[in-house]
Structure formats: C-alpha cells, structure tokens
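J.: model-v1.json is the file, holding JSON, C-alpha atoms:
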[["chain", "number", "residue", "atom", "x", "y", "z"],
["A", 296, "MET", "CA", 100.98, 119.33, 114.69],
["A", 297, "LYS", "CA", 103.32, 120.45, 117.43],
["A", 298, "ALA", "CA", 106.74, 118.84, 117.45],
["A", 299, "GLY", "CA", 106.35, 118.00, 121.16],
["A", 300, "ASN", "CA", 103.59, 115.50, 120.37],
["A", 301, "LEU", "CA", 105.93, 113.46, 118.17],
["A", 302, "ARG", "CA", 107.95, 111.81, 120.92],
["A", 303, "ASN", "CA", 108.60, 108.31, 119.61],
["A", 304, "GLN", "CA", 111.08, 107.42, 116.93],
["A", 305, "ILE", "CA", 109.83, 104.72, 114.55],
["A", 306, "ALA", "CA", 111.28, 103.00, 111.51],
["A", 307, "ILE", "CA", 109.15, 102.59, 108.40],
["A", 308, "GLN", "CA", 110.15, 99.47, 106.50],
["A", 309, "THR", "CA", 109.46, 98.56, 102.88],
["A", 310, "LEU", "CA", 109.15, 95.12, 101.34],
["A", 311, "GLN", "CA", 111.87, 94.39, 98.80],
["A", 312, "THR", "CA", 111.55, 91.34, 96.59],
["A", 313, "GLY", "CA", 113.79, 89.45, 94.25],
["A", 314, "ALA", "CA", 114.22, 86.17, 92.43],
["A", 315, "ASP", "CA", 115.78, 83.36, 94.44],
["A", 316, "GLY", "CA", 117.47, 81.65, 91.50],
["A", 317, "THR", "CA", 115.28, 78.56, 91.55],
["A", 318, "GLY", "CA", 112.22, 80.09, 89.92],
["A", 319, "GLY", "CA", 110.73, 81.43, 93.15],
["A", 320, "TYR", "CA", 110.74, 84.75, 94.88],
["A", 321, "PHE", "CA", 111.92, 86.00, 98.24],
["A", 322, "GLY", "CA", 110.99, 89.09, 100.16],
["A", 323, "THR", "CA", 112.62, 90.95, 102.99],
["A", 324, "PHE", "CA", 111.73, 94.10, 104.90],
["A", 325, "VAL", "CA", 114.35, 96.86, 104.95],
["A", 326, "ASP", "CA", 114.38, 100.19, 106.78],
["A", 327, "GLN", "CA", 113.19, 102.94, 104.46],
["A", 328, "LYS", "CA", 113.08, 105.91, 106.81],
["A", 329, "VAL", "CA", 113.20, 106.75, 110.51],
["A", 330, "VAL", "CA", 110.61, 109.36, 111.56],
["A", 331, "TRP", "CA", 109.10, 110.82, 114.74],
["A", 332, "ALA", "CA", 105.56, 109.77, 115.65],
["A", 333, "LYS", "CA", 102.82, 110.04, 118.23],
["A", 334, "ILE", "CA", 101.60, 106.60, 119.33],
["A", 335, "ARG", "CA", 98.28, 105.76, 120.99],
["A", 336, "ALA", "CA", 96.86, 102.38, 121.90],
["A", 337, "LYS", "CA", 93.26, 102.40, 120.67],
["A", 338, "GLN", "CA", 91.60, 99.09, 121.56],
["A", 339, "GLY", "CA", 92.27, 95.43, 122.14],
["A", 340, "PHE", "CA", 90.32, 92.33, 121.21],
["A", 341, "ARG", "CA", 90.56, 88.56, 121.15],
["A", 342, "ASN", "CA", 90.08, 86.33, 118.10],
["A", 343, "LEU", "CA", 89.99, 82.63, 117.44],
["A", 344, "GLU", "CA", 92.18, 81.81, 114.45],
["A", 345, "ASP", "CA", 92.93, 78.26, 113.32],
["A", 346, "GLY", "CA", 91.93, 76.92, 116.71],
["A", 347, "LYS", "CA", 94.25, 79.34, 118.54],
["A", 348, "ILE", "CA", 93.33, 82.41, 120.54],
["A", 349, "SER", "CA", 95.08, 85.53, 119.31],
["A", 350, "LEU", "CA", 95.15, 88.77, 121.26],
["A", 351, "ASP", "CA", 95.31, 91.84, 119.04],
["A", 352, "ASN", "CA", 95.62, 95.50, 119.89],
["A", 353, "ILE", "CA", 95.07, 98.39, 117.54],
["A", 354, "TYR", "CA", 97.64, 101.18, 117.68],
["A", 355, "GLU", "CA", 97.41, 104.60, 116.07],
["A", 356, "PHE", "CA", 100.62, 106.19, 114.78],
["A", 357, "THR", "CA", 100.56, 109.83, 113.70],
["A", 358, "ILE", "CA", 103.42, 111.17, 111.57],
["A", 359, "ARG", "CA", 104.00, 114.32, 109.56],
["A", 360, "TYR", "CA", 102.87, 113.97, 105.96],
["A", 361, "ASP", "CA", 106.11, 115.49, 104.66],
["A", 362, "ASP", "CA", 108.18, 112.85, 106.45],
["A", 363, "TYR", "CA", 106.81, 109.96, 104.38],
["A", 364, "PRO", "CA", 104.19, 110.96, 101.75],
["A", 365, "ASN", "CA", 104.39, 107.66, 99.80],
["A", 366, "LEU", "CA", 103.17, 105.41, 102.63],
["A", 367, "SER", "CA", 101.28, 102.23, 101.65],
["A", 368, "GLN", "CA", 99.94, 99.10, 103.31],
["A", 369, "ILE", "CA", 102.96, 97.16, 102.07],
["A", 370, "ASN", "CA", 105.06, 99.16, 104.54],
["A", 371, "LYS", "CA", 105.58, 98.01, 108.11],
["A", 372, "ILE", "CA", 106.42, 100.02, 111.23],
["A", 373, "VAL", "CA", 109.06, 98.95, 113.75],
["A", 374, "TYR", "CA", 108.96, 100.49, 117.21],
["A", 375, "ASN", "CA", 110.56, 99.13, 120.40],
["A", 376, "SER", "CA", 111.39, 95.80, 118.72],
["A", 377, "GLY", "CA", 107.71, 95.34, 117.80],
["A", 378, "GLU", "CA", 106.60, 94.95, 114.20],
["A", 379, "TYR", "CA", 103.36, 96.78, 113.47],
["A", 380, "ILE", "CA", 101.32, 95.82, 110.42],
["A", 381, "ILE", "CA", 99.59, 98.72, 108.68],
["A", 382, "LYS", "CA", 95.85, 98.06, 108.37],
["A", 383, "ALA", "CA", 94.70, 101.49, 107.21],
["A", 384, "PHE", "CA", 95.86, 105.08, 107.05],
["A", 385, "GLN", "CA", 94.47, 108.46, 106.17],
["A", 386, "VAL", "CA", 95.64, 111.98, 105.54],
["A", 387, "THR", "CA", 93.76, 113.93, 108.21],
["A", 388, "ASP", "CA", 93.27, 117.31, 106.60],
["A", 389, "GLU", "CA", 93.17, 118.87, 103.15],
["A", 390, "ARG", "CA", 96.49, 120.64, 103.67],
["A", 391, "LYS", "CA", 98.26, 117.29, 104.06],
["A", 392, "LYS", "CA", 99.91, 118.01, 107.39],
["A", 393, "GLU", "CA", 99.76, 114.56, 109.00],
["A", 394, "ILE", "CA", 99.03, 110.91, 108.35],
["A", 395, "VAL", "CA", 97.18, 108.77, 110.91],
["A", 396, "ILE", "CA", 98.11, 105.08, 110.59],
["A", 397, "MET", "CA", 96.06, 102.27, 112.15],
["A", 398, "THR", "CA", 98.18, 99.20, 112.91],
["A", 399, "THR", "CA", 98.17, 95.93, 114.80],
["A", 400, "LEU", "CA", 101.15, 94.54, 116.62],
["A", 401, "GLY", "CA", 102.17, 91.75, 114.31],
["A", 402, "ARG", "CA", 103.46, 88.36, 115.08],
["A", 403, "LEU", "CA", 106.73, 87.52, 113.40],
["A", 404, "ILE", "CA", 106.08, 88.03, 109.71],
["A", 405, "ASP", "CA", 107.54, 85.86, 107.00],
["A", 406, "PRO", "CA", 107.96, 88.25, 104.05],
["A", 407, "THR", "CA", 107.24, 85.45, 101.54],
["A", 408, "PHE", "CA", 103.91, 84.74, 103.25],
["A", 409, "PHE", "CA", 103.25, 88.49, 103.29],
["A", 410, "LEU", "CA", 103.70, 88.57, 99.50],
["A", 411, "ILE", "CA", 101.26, 85.69, 99.05],
["A", 412, "THR", "CA", 98.72, 87.38, 101.34],
["A", 413, "GLU", "CA", 98.95, 90.64, 99.39],
["A", 414, "PHE", "CA", 98.47, 88.73, 96.11],
["A", 415, "TYR", "CA", 95.36, 86.93, 97.34],
["A", 416, "GLU", "CA", 93.87, 90.07, 98.86],
["A", 417, "ASN", "CA", 92.02, 90.60, 95.58],
["A", 418, "LEU", "CA", 90.37, 87.18, 95.90],
["A", 419, "MET", "CA", 88.20, 88.11, 98.85],
["A", 420, "THR", "CA", 84.46, 87.74, 99.23],
["A", 421, "GLU", "CA", 82.16, 90.64, 100.04],
["A", 422, "ASP", "CA", 82.28, 89.87, 103.77],
["A", 423, "ASN", "CA", 86.12, 90.13, 103.66],
["A", 424, "LYS", "CA", 86.85, 86.41, 104.00],
["A", 425, "PHE", "CA", 89.48, 84.79, 101.84],
["A", 426, "ILE", "CA", 88.39, 82.43, 99.12],
["A", 427, "VAL", "CA", 90.26, 79.16, 99.50],
["A", 428, "VAL", "CA", 91.92, 78.08, 96.26]]
Go ahead and render the structure in this file as structure tokens.
T.:
Amino acid sequence: MKAGNLRNQIAIQTLQTGADGTGGYFGTFVDQKVVWAKIRAKQGFRNLEDGKISLDNIYEFTIRYDDYPNLSQINKIVYNSGEYIIKAFQVTDERKKEIVIMTTLGRLIDPTFFLITEFYENLMTEDNKFIVV
C-alpha cells in the first residue's frame, strides 16, 4: 500500500480492566497506538432498537499490518472525536501487508457494559440474537 493512501491519523484503544475494590470490575479504554489509515464510508442503514430508531454507518479503515498486528474486536478506533466499534477485520493478502477493519460509529460506550456484552457474546442463538438470561 502506498503511503499517500494513509492520510488519516487514528488512535487504536484497548480495554483495560481492574477490580473496583467492592467485588466488581471496571473497564476503561486507553490509547494503545496511533497509526495512519485510509478511511472509507461503506454504507448506512436504519434500525429499530428498543423502540428507538438508530442510524448506523459502516466505515472501512485500512492500516498497515506491521503497525498493529495484534488487533482484536476488543479494540476501538478513535478518529475525529468519534469512537468506532470494530465489527470485523481481515488481513487482505498472504504477505500480511494490510488489515481492513469494518467498524460502526459507536454511541458513547460504557466500558463496563462493553465487558458484559463481550461476555454474553458466547450465549447467542444461531440467528445471532442474544439469549435473555
């Protein structure tokens, strides 16, 4: 990938957790690394969640593989004061030159809720709906 395509500086954040002293846990996102990326808006759609209409856009971030090879869906991307939630990512070629990351522009994320969501991700039905417990 040509360096000229990577025009936007983004921060990749990682979730750090710890005990809160009362038997619970807290989580907070901290900057892990600042890298250069190419950003493209892919598509937008409208959903009805909990009786509210939510407007979501999908954004594609492309970064060099060597800049952040240990990327995961627990990471979050911050660009222009927006917090982007990583939905999926893939290494685009066998020589591991770049990573394409599919994200949605997130609402304000409570890290504790994010932890709970990640925990319950394994309790999903085949049609990707959460099982209510």
J.: Any idea what's packed within 12 Å of region 361-365 of chain A, counting only C-alpha atoms, ignoring anything in its chain fewer than 5 positions away? Could you give it as a list in words?
T.: Met296, Leu301, Ile305, Ala306, Ile307, Gln308, Thr309, Gln327, Lys328, Val329, Val330, Trp331, Ala332, Asn370, Phe384, Gln385, Val386, Arg390, Lys391, Lys392, Glu393, Ile394, Val395 and Ile396 of chain A
J.: Rounded to one decimal, what separation in Å do you get between CA of Ile353 (chain A) and CA of Gly401 (chain A)?
T.: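 Computing the Euclidean distance for CA of Ile353 (chain A) and CA of Gly401 (chain A) yields 10.2 Å.
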J.: I'd like to know which of A:Asp315, A:Ile369, A:Ala383, A:Arg335 is closest to Glu355 (chain A), using all atoms listed in the file.
T.: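 Nearest to Glu355 (chain A): A:Arg335.
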J.: CA of Glu389 (chain A) and CA of Ile358 (chain A), how far apart in Å?
T.: 15.3 Å
J.: Measure the distance from CA of Asn303 (chain A) to CA of Val373 (chain A) in Å and round it to one decimal.
T.: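 Going from CA of Asn303 (chain A) over to CA of Val373 (chain A), I get 11.1 Å.
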J.: Which residues come within 12 Å of Lys337 (chain A), counting all atoms listed in the file, excluding same-chain residues fewer than 2 positions away, as a list in words?
T.: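 That gives Ile334, Arg335, Gly339, Phe340, Asp351, Asn352, Ile353, Tyr354, Glu355, Phe356, Ile396, Met397, Thr398, Thr399 and Leu400 of chain A.
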J.: Counting all atoms listed in the file, which of A:Asp345, A:Leu310, A:Gln304, A:Gln338 gets nearest to Ser367 (chain A)?
T.: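 The closest residue to Ser367 (chain A) is A:Leu310.
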J.: With distances taken over only C-alpha atoms, which of A:Thr312, A:Thr317, A:Asn300, A:Gln368 is nearest to Lys382 (chain A)?
T.: A:Gln368
J.: So which one's closest to Asp326 (chain A), A:Ile372, A:Gly377, A:Asp388, A:Thr357? Using all atoms listed in the file, please.
T.: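 Closest residue, counting all atoms listed in the file: A:Ile372.
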